[in-house]
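data20.cif (mmCIF, C-alpha atoms and all ligand atoms) appears below.
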data_data
#
loop_
_atom_site.label_atom_id
_atom_site.label_comp_id
_atom_site.auth_asym_id
_atom_site.auth_seq_id
_atom_site.Cartn_x
_atom_site.Cartn_y
_atom_site.Cartn_z
CA MET A 1 34.76 128.52 -127.24
CA PRO A 2 35.62 125.43 -125.14
CA ILE A 3 34.13 122.32 -126.68
CA PHE A 4 32.45 119.42 -124.88
CA PHE A 5 30.82 116.10 -125.76
CA ASP A 6 27.46 114.73 -124.65
CA THR A 7 28.37 111.10 -123.98
CA HIS A 8 24.82 109.99 -123.11
CA ALA A 9 21.79 111.29 -125.00
CA HIS A 10 18.56 109.55 -126.00
CA LEU A 11 18.08 111.44 -129.25
CA ASN A 12 16.25 108.37 -130.58
CA TYR A 13 13.34 109.00 -128.17
CA PRO A 14 10.06 110.31 -129.62
CA ASP A 15 10.52 113.52 -127.58
CA TYR A 16 12.78 114.81 -130.36
CA ALA A 17 10.72 113.74 -133.36
CA PRO A 18 9.32 117.26 -134.02
CA ASP A 19 12.63 119.20 -134.02
CA LEU A 20 15.59 116.82 -133.99
CA ALA A 21 17.63 118.72 -136.60
CA ASP A 22 17.26 121.92 -134.53
CA VAL A 23 18.30 120.07 -131.36
CA VAL A 24 21.48 118.82 -133.06
CA ALA A 25 22.17 122.29 -134.53
CA ARG A 26 21.75 123.97 -131.12
CA ALA A 27 24.27 121.52 -129.62
CA GLN A 28 26.76 122.37 -132.36
CA ALA A 29 26.23 126.10 -131.79
CA ALA A 30 26.82 125.64 -128.03
CA GLY A 31 30.17 123.89 -128.67
CA ILE A 32 28.88 120.37 -128.01
CA THR A 33 30.70 118.84 -130.96
CA LYS A 34 30.03 115.11 -130.43
CA ILE A 35 26.90 113.36 -129.15
CA ILE A 36 26.48 109.66 -128.35
CA SER A 37 22.90 108.51 -128.81
CA ILE A 38 22.16 105.55 -126.55
CA GLY A 39 20.09 102.47 -127.38
CA THR A 40 17.88 100.77 -124.80
CA SER A 41 16.52 97.91 -126.97
CA LEU A 42 17.33 96.49 -130.41
CA ASP A 43 14.80 98.83 -132.06
CA SER A 44 16.08 101.92 -130.31
CA SER A 45 19.70 100.86 -130.95
CA GLU A 46 18.92 100.63 -134.63
CA ARG A 47 17.33 104.10 -134.49
CA ALA A 48 20.49 105.41 -132.79
CA ILE A 49 22.56 104.03 -135.68
CA ARG A 50 20.26 105.69 -138.26
CA LEU A 51 20.74 109.03 -136.45
CA ALA A 52 24.50 108.53 -136.48
CA GLU A 53 24.30 107.97 -140.23
CA ARG A 54 22.24 111.12 -140.67
CA PHE A 55 24.29 113.56 -138.52
CA PRO A 56 28.11 113.67 -138.74
CA ASN A 57 28.50 114.68 -135.06
CA VAL A 58 26.17 111.95 -133.70
CA PHE A 59 27.46 108.46 -132.74
CA ALA A 60 25.63 105.42 -131.37
CA ALA A 61 25.77 103.00 -128.45
CA VAL A 62 23.81 99.77 -128.85
CA GLY A 63 22.37 97.71 -126.03
CA TRP A 64 19.43 96.63 -123.94
CA HIS A 65 18.39 98.47 -120.77
CA PRO A 66 18.12 96.35 -117.58
CA THR A 67 14.61 97.57 -116.72
CA GLU A 68 13.48 96.15 -120.07
CA ALA A 69 15.19 92.81 -119.41
CA LEU A 70 12.02 90.71 -119.46
CA ASN A 71 11.28 91.83 -123.03
CA SER A 72 14.74 90.91 -124.29
CA PRO A 73 15.36 87.98 -126.64
CA SER A 74 17.10 85.15 -124.82
CA ASP A 75 20.29 85.77 -126.79
CA LEU A 76 21.01 89.39 -127.63
CA ARG A 77 24.49 88.70 -128.94
CA PRO A 78 23.88 87.96 -132.65
CA ALA A 79 21.99 91.24 -133.19
CA LEU A 80 24.47 93.27 -131.15
CA ARG A 81 27.40 91.81 -133.10
CA GLU A 82 25.83 92.98 -136.35
CA PHE A 83 25.34 96.48 -134.91
CA ALA A 84 28.82 96.60 -133.36
CA LYS A 85 30.47 96.30 -136.79
CA HIS A 86 29.07 99.70 -137.77
CA PRO A 87 31.83 102.36 -137.91
CA LYS A 88 29.82 104.79 -135.78
CA VAL A 89 28.86 102.34 -133.02
CA VAL A 90 31.25 103.46 -130.28
CA ALA A 91 30.02 101.48 -127.24
CA ILE A 92 27.71 98.76 -125.93
CA GLY A 93 24.83 99.89 -123.72
CA GLU A 94 23.12 101.03 -121.95
CA THR A 95 23.37 97.88 -119.92
CA GLY A 96 23.83 97.05 -116.25
CA LEU A 97 21.53 96.23 -113.34
CA ASP A 98 18.54 98.03 -111.82
CA HIS A 99 16.97 96.64 -108.65
CA HIS A 100 15.15 99.83 -107.70
CA HIS A 101 11.71 98.62 -108.74
CA LEU A 102 11.02 94.88 -108.49
CA PRO A 103 8.01 92.88 -109.72
CA SER A 104 6.85 91.99 -106.16
CA GLU A 105 5.90 95.63 -105.59
CA LYS A 106 2.74 94.63 -107.47
CA PRO A 107 0.36 92.21 -105.70
CA GLU A 108 0.24 89.74 -108.59
CA PHE A 109 4.00 89.02 -108.33
CA THR A 110 6.11 87.20 -105.74
CA ALA A 111 9.71 87.02 -104.56
CA ALA A 112 10.29 84.29 -107.15
CA ASP A 113 9.44 86.82 -109.88
CA ASP A 114 12.02 89.21 -108.40
CA THR A 115 14.64 86.48 -108.59
CA SER A 116 13.94 85.65 -112.22
CA TYR A 117 13.86 89.36 -113.15
CA LYS A 118 17.29 89.86 -111.53
CA GLN A 119 18.60 86.74 -113.24
CA LYS A 120 17.43 87.93 -116.65
CA GLN A 121 19.09 91.33 -116.06
CA ALA A 122 22.33 89.61 -115.08
CA GLU A 123 22.17 87.31 -118.10
CA ILE A 124 21.74 90.09 -120.68
CA PHE A 125 24.33 92.24 -118.88
CA ARG A 126 26.85 89.41 -119.24
CA GLN A 127 25.96 88.92 -122.92
CA GLN A 128 26.50 92.62 -123.60
CA MET A 129 29.90 92.65 -121.87
CA GLU A 130 30.87 89.60 -123.95
CA VAL A 131 30.06 91.37 -127.21
CA ALA A 132 31.86 94.51 -126.00
CA ALA A 133 34.97 92.43 -125.25
CA GLU A 134 34.82 90.75 -128.68
CA PHE A 135 34.72 94.11 -130.45
CA ASN A 136 37.16 95.98 -128.17
CA LEU A 137 34.38 98.32 -127.11
CA ASN A 138 33.54 99.67 -123.68
CA CYS A 139 30.15 99.65 -121.97
CA ILE A 140 27.67 102.30 -120.83
CA ILE A 141 26.59 101.15 -117.38
CA HIS A 142 23.19 101.90 -115.85
CA GLN A 143 23.16 101.02 -112.17
CA ARG A 144 20.42 101.66 -109.66
CA ALA A 145 20.09 100.06 -106.21
CA SER A 146 22.48 97.36 -107.42
CA PHE A 147 25.97 98.83 -106.99
CA ASP A 148 27.73 95.85 -105.38
CA ASP A 149 26.16 93.34 -107.76
CA THR A 150 27.17 95.48 -110.75
CA ILE A 151 30.80 95.72 -109.61
CA ARG A 152 30.85 91.97 -108.88
CA GLN A 153 29.51 91.11 -112.31
CA MET A 154 32.05 93.33 -114.05
CA LYS A 155 35.11 91.94 -112.29
CA PRO A 156 35.54 88.86 -114.55
CA PHE A 157 35.71 91.28 -117.51
CA ILE A 158 38.59 93.37 -116.14
CA GLY A 159 41.16 93.69 -118.92
CA LYS A 160 38.51 92.81 -121.58
CA THR A 161 36.05 95.69 -121.39
CA ARG A 162 35.44 98.66 -119.11
CA GLY A 163 32.37 100.64 -118.16
CA VAL A 164 31.30 104.19 -117.63
CA PHE A 165 28.92 104.39 -114.66
CA HIS A 166 26.62 106.92 -116.25
CA CYS A 167 24.61 109.50 -114.31
CA PHE A 168 26.88 108.92 -111.33
CA GLY A 169 25.19 109.79 -108.04
CA GLU A 170 26.90 107.57 -105.52
CA THR A 171 29.40 108.36 -102.75
CA VAL A 172 33.07 109.22 -103.22
CA GLU A 173 33.88 105.82 -101.68
CA ARG A 174 31.86 104.02 -104.35
CA MET A 175 33.40 106.18 -107.06
CA LYS A 176 36.79 104.85 -105.96
CA GLN A 177 35.48 101.28 -106.30
CA VAL A 178 34.49 102.10 -109.89
CA PHE A 179 38.02 103.37 -110.62
CA GLU A 180 39.53 100.28 -108.97
CA ILE A 181 37.98 98.01 -111.63
CA GLY A 182 39.30 100.30 -114.38
CA SER A 183 35.95 101.94 -115.08
CA LEU A 184 34.95 105.61 -115.24
CA VAL A 185 32.00 107.77 -114.23
CA SER A 186 30.01 110.46 -116.00
CA PHE A 187 28.05 113.35 -114.56
CA THR A 188 24.68 114.80 -115.64
CA GLY A 189 22.72 117.98 -114.92
CA ILE A 190 22.03 116.63 -111.42
CA VAL A 191 25.29 118.36 -110.50
CA THR A 192 23.45 121.70 -110.86
CA PHE A 193 20.60 120.73 -108.49
CA LYS A 194 20.55 122.39 -105.08
CA ASN A 195 20.05 119.11 -103.21
CA ALA A 196 22.91 117.28 -105.00
CA GLN A 197 25.86 118.19 -102.78
CA ASN A 198 26.89 114.50 -102.71
CA VAL A 199 27.33 114.58 -106.50
CA ARG A 200 29.34 117.81 -106.31
CA ASP A 201 31.53 116.16 -103.64
CA ALA A 202 32.32 113.37 -106.11
CA VAL A 203 32.86 115.89 -108.94
CA ALA A 204 35.30 117.85 -106.78
CA VAL A 205 37.64 114.91 -106.16
CA ALA A 206 37.35 112.84 -109.36
CA PRO A 207 40.76 112.68 -111.10
CA PRO A 208 40.67 114.69 -114.36
CA ASP A 209 41.12 111.59 -116.54
CA LYS A 210 38.37 109.54 -114.86
CA PHE A 211 35.10 111.25 -115.76
CA MET A 212 33.05 112.49 -118.69
CA LEU A 213 30.04 114.76 -119.17
CA GLU A 214 26.55 113.82 -120.34
CA THR A 215 22.96 115.02 -120.29
CA ASP A 216 20.96 111.73 -120.21
CA CYS A 217 18.48 113.84 -122.18
CA PRO A 218 15.48 114.06 -122.44
CA TYR A 219 15.78 113.61 -118.65
CA LEU A 220 17.57 115.66 -115.99
CA ALA A 221 17.75 119.11 -117.57
CA PRO A 222 20.23 121.24 -115.59
CA VAL A 223 19.34 124.48 -113.84
CA PRO A 224 18.00 126.86 -115.24
CA TYR A 225 16.05 124.42 -117.45
CA ARG A 226 15.16 122.00 -114.66
CA GLY A 227 11.88 120.17 -115.31
CA LYS A 228 11.91 120.96 -119.03
CA ARG A 229 12.95 118.65 -121.86
CA CYS A 230 16.72 118.33 -121.71
CA GLU A 231 18.96 118.43 -124.82
CA PRO A 232 22.69 118.05 -125.61
CA ALA A 233 23.29 121.84 -125.82
CA TYR A 234 22.83 121.94 -122.04
CA VAL A 235 26.18 120.22 -121.48
CA LYS A 236 27.35 123.85 -121.52
CA GLU A 237 25.48 124.61 -118.26
CA ILE A 238 26.70 121.32 -116.75
CA SER A 239 30.31 122.10 -117.69
CA GLU A 240 30.12 125.53 -116.05
CA VAL A 241 28.99 124.13 -112.70
CA ILE A 242 31.57 121.33 -112.86
CA ALA A 243 34.40 123.78 -113.62
CA GLN A 244 33.25 125.95 -110.70
CA THR A 245 33.03 122.94 -108.38
CA ARG A 246 36.53 121.80 -109.34
CA ASN A 247 37.88 125.34 -109.33
CA CYS A 248 39.37 124.91 -112.80
CA LEU A 249 39.12 126.69 -116.15
CA LEU A 250 36.50 125.61 -118.69
CA GLU A 251 39.39 125.11 -121.15
CA GLU A 252 41.04 122.62 -118.78
CA LEU A 253 37.77 120.76 -118.27
CA SER A 254 37.20 120.69 -122.03
CA ALA A 255 40.66 119.28 -122.76
CA ALA A 256 40.47 116.63 -120.01
CA THR A 257 36.94 115.36 -120.65
CA CYS A 258 37.30 115.26 -124.44
CA LYS A 259 40.60 113.38 -124.18
CA THR A 260 39.04 110.90 -121.72
CA ALA A 261 36.08 110.31 -124.05
CA MET A 262 38.28 109.86 -127.15
CA GLU A 263 40.30 107.22 -125.30
CA PHE A 264 37.30 105.48 -123.79
CA PHE A 265 35.38 105.46 -127.10
CA PRO A 266 38.15 104.95 -129.68
CA LYS A 267 35.67 104.97 -132.61
CA LEU A 268 34.54 108.48 -131.63
CA ALA A 269 37.40 109.88 -133.72
ZN ZN A 301 20.16 106.66 -120.40
#

Could you take the file, read its structure, and then write that structure out as C-alpha cells?
Ligand SMILES: [Zn+2]
Amino acid sequence: MPIFFDTHAHLNYPDYAPDLADVVARAQAAGITKIISIGTSLDSSERAIRLAERFPNVFAAVGWHPTEALNSPSDLRPALREFAKHPKVVAIGETGLDHHHLPSEKPEFTAADDTSYKQKQAEIFRQQMEVAAEFNLNCIIHQRASFDDTIRQMKPFIGKTRGVFHCFGETVERMKQVFEIGSLVSFTGIVTFKNAQNVRDAVAVAPPDKFMLETDCPYLAPVPYRGKRCEPAYVKEISEVIAQTRNCLLEELSAATCKTAMEFFPKLA
C-alpha cells in the first residue's frame, strides 16, 4: 500500500475529543503513517505537543494563527522557543497573514483598527519566522487575501527559514512566486471539489519535489465525504485525485511527497 503523510491536521481541536484514538488508528490503517498536528495559539500548540507525545505517528507544529493575532501576547518568542526544543516539534505555525475579514466590516470599528490588526499580524508573523530561523525549522504559512504582503514579509528570511503555503488555492503564476522564494505548497481535499479546476491546474504542473499533501482537518473533507468532519485517513482520497490529475502512479506520488516532507521537516524522521 502506498504511504502518505498528513502534513496539516488540527487533531487538537475539540471535534476529535470523543474518538481521537480511532481517528489516529484509521489513518494508520489507510497508510497515512505520519500526521502533523498544527497549533493556532500557545494553548493549542501545547495540546499538539501532548498528542505527539501520546501517539508515535503524530508530530506537532507550534505557532499562532494570524486571525487570532489580537489575542496574542506581545512577544510570542519565549514560549515558542521552549516548545521548539521538543524533539517532536517539526515546524513553526501556523503563521502568516489573513486580510480576508477586517475589523471595519463591523460598524464599531474603523480603518485605523484594520491597520493595527494588520500590524499585529505582521509583528507575530515576523516573531515566528525569527524563532523558526533560530531552531532551523520551517514554517507553516496561512495566507488569505494577503499573498503579496506574505511574500514580501518572507523575503528577508530567505536562506534562514522557508514556508509551506498550506491549503494552496492560488494561480499557477503565484505558485511560481512561492517556489522563487524557496518555499513549497501543499494541497488539501479542495482538489477533489468540482469547482476547483484552478487548484487542479496548479497540481498538474507543480514539480514533484515542491508540494506535499494535507487535510487541514476537521475542515475541507474531500469527495465523497464533503461537508462531513474531515480526518487524516482521507489523505488517501486526496492522493488518488492528485495522482490522476498528474497522470502518475500512486507509488510515485507517495515516494515524492514523503521525501519532500522528510526534507522540509527534518525532525519528522
Ligand atoms: Zn490549519

_Please report the interatomic distance between atom CA of A:Thr257 and atom CA of A:Phe211 in Å with one decimal._
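That distance, rounded to one decimal, is 6.6 Å.
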
Neighbouring residues of A:Ala30 were defined as those with any atom within 12 Å, considering only C-alpha atoms; residues of the same chain fewer than 5 positions away were excluded. Please report them as a PDB file with C-alpha atoms, keeping the file's coordinate frame.
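Output below, filename around-v6.pdb:
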ATOM      1  CA  MET A   1      34.760 128.520-127.240  1.00  0.00           C
ATOM      2  CA  PRO A   2      35.620 125.430-125.140  1.00  0.00           C
ATOM      3  CA  ILE A   3      34.130 122.320-126.680  1.00  0.00           C
ATOM      4  CA  PHE A   4      32.450 119.420-124.880  1.00  0.00           C
ATOM      5  CA  PHE A   5      30.820 116.100-125.760  1.00  0.00           C
ATOM      6  CA  ASP A   6      27.460 114.730-124.650  1.00  0.00           C
ATOM      7  CA  VAL A  23      18.300 120.070-131.360  1.00  0.00           C
ATOM      8  CA  VAL A  24      21.480 118.820-133.060  1.00  0.00           C
ATOM      9  CA  ALA A  25      22.170 122.290-134.530  1.00  0.00           C
ATOM     10  CA  GLU A 231      18.960 118.430-124.820  1.00  0.00           C
ATOM     11  CA  PRO A 232      22.690 118.050-125.610  1.00  0.00           C
ATOM     12  CA  ALA A 233      23.290 121.840-125.820  1.00  0.00           C
ATOM     13  CA  TYR A 234      22.830 121.940-122.040  1.00  0.00           C
ATOM     14  CA  VAL A 235      26.180 120.220-121.480  1.00  0.00           C
ATOM     15  CA  LYS A 236      27.350 123.850-121.520  1.00  0.00           C
ATOM     16  CA  GLU A 237      25.480 124.610-118.260  1.00  0.00           C
ATOM     17  CA  SER A 239      30.310 122.100-117.690  1.00  0.00           C
TER      18      SER A 239
END

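The coordinates place atom CA of A:Ala52 at 14.6 Å from atom CA of A:Gln28.
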
*Counting all atoms listed in the file, which protein, DNA or RNA residues come within 8 Å of ligand ZN 301 (chain A), given as a list in words?*
His8, Ala9, His10, Ile38, Thr40, Glu94, His142, His166, Asp216 and Cys217 of chain A

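The nearest approach to A:Tyr13 among the residues A:Ala122, A:Ala48, A:Ala269, A:Ile158, with all atoms listed in the file taken into account, belongs to A:Ala48.
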
*Give the answer as one residue: which of A:Met262, A:Ile36, A:Ala21, A:Leu137 has the shortest atom-to-atom distance to A:Arg54, using all atoms listed in the file?*
A:Ala21

*For stretch 191-204 of chain A, please output as a list of chain:residue names all residues within 6 Å (counting only C-alpha atoms; exclusion window: fewer than 3 positions along the same chain).*
A:Gly169, A:Val172, A:Pro222, A:Val223, A:Thr245, A:Arg246

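Relative to atom CA of A:His101, atom CA of A:Met175 is found at 23.0 Å.
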
*A:Cys139, A:Leu76, A:Val241, A:Ala111: which is nearest A:Glu123, counting all atoms listed in the file?*
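Ranked by minimum distance to A:Glu123, first place goes to A:Leu76.
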
_Residue nearest A:Gly227 among A:Val58, A:Ile190, A:Ala69, A:Val164 (counting all atoms listed in the file)_ =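 Going through A:Val58, A:Ile190, A:Ala69, A:Val164 one by one, the smallest distance to A:Gly227 is for A:Ile190.
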
*Which is closest to A:Gly39 among A:Ala261, A:Ala132, A:Val62, A:Leu213, if we use only C-alpha atoms?*
A:Val62

*Rank nothing, just name the residue among A:Ser254, A:Thr110, A:Gln119, A:Ser44 nearest to A:Phe83, using all atoms listed in the file.*
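Closest to A:Phe83 of all the choices is A:Ser44.
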
*For A:Lys160: contacts at 8 Å, only C-alpha atoms, fewer than 3 positions along chain excluded, given as a count of residues only*: 3

*Hey, what's within 9 Å of A:Ala145 if we count all atoms listed in the file and toss same-chain stuff fewer than 6 positions away? As a VMD selection string, please?*
chain A and resid 97 to 101

Written selection (C-alpha atoms) as a JSON list (two decimals), in the frame of the given file:
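again_16.json written:
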[["chain", "number", "residue", "atom", "x", "y", "z"],
["A", 97, "LEU", "CA", 21.53, 96.23, -113.34],
["A", 98, "ASP", "CA", 18.54, 98.03, -111.82],
["A", 99, "HIS", "CA", 16.97, 96.64, -108.65],
["A", 100, "HIS", "CA", 15.15, 99.83, -107.70],
["A", 101, "HIS", "CA", 11.71, 98.62, -108.74]]
